[in-house]
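Undergrad: Below: one structure in structure tokens.
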Amino acid sequence: MPEDDTDREGGVDFTDTMPILEEASYPMTVEELVGEHGDHEVDRTNAEPITLRDLFDPMGENTFESPSEVRQMILNLMPKESVGREGYSDRGGATPEETAEVDRQNEDESV
């Protein structure tokens, strides 16, 4: 089975974006980020790609100290439709409601 080399979080695919951010010099202002990499498209799971310019232009003045700060801000600024259905996970496991029900059953059994 092939390895999955993707870097996804919160409906955002950072596979092609993180190498660009990791090669940049920090600290970096929003103006520098947009000037140097504004046309770079960030892939999204449930929507068309979005450019760094579209994400960061309305942000105003800010300075980033590391690639991880830029990554976190991308997640914070990402439009809601990028994530897909709210509260849904394609990773399997129990829903919050199912987990709460199991917790209630365990409490009842321990009494």
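Following the order of the structure tokens, first chain is A, next is B, and so on, with residues numbered from 1 inside each chain and ligands from 1 in the order they appear.
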Give me the residues within 12 Å of A:Ile74 as a ChimeraX atom specification, counting only C-alpha atoms and dropping any in the same chain fewer than 2 places off.

TA: /A:9-14,17-18,21,30,33,41-44,50-57,59,64,67-72,76-79,82

Undergrad: May I ask for the distance between atom CA of A:Asp39 and atom CA of A:Pro58, given in Å to one decimal place?

TA: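 For atom CA of A:Asp39 relative to atom CA of A:Pro58, the distance reads 15.0 Å.
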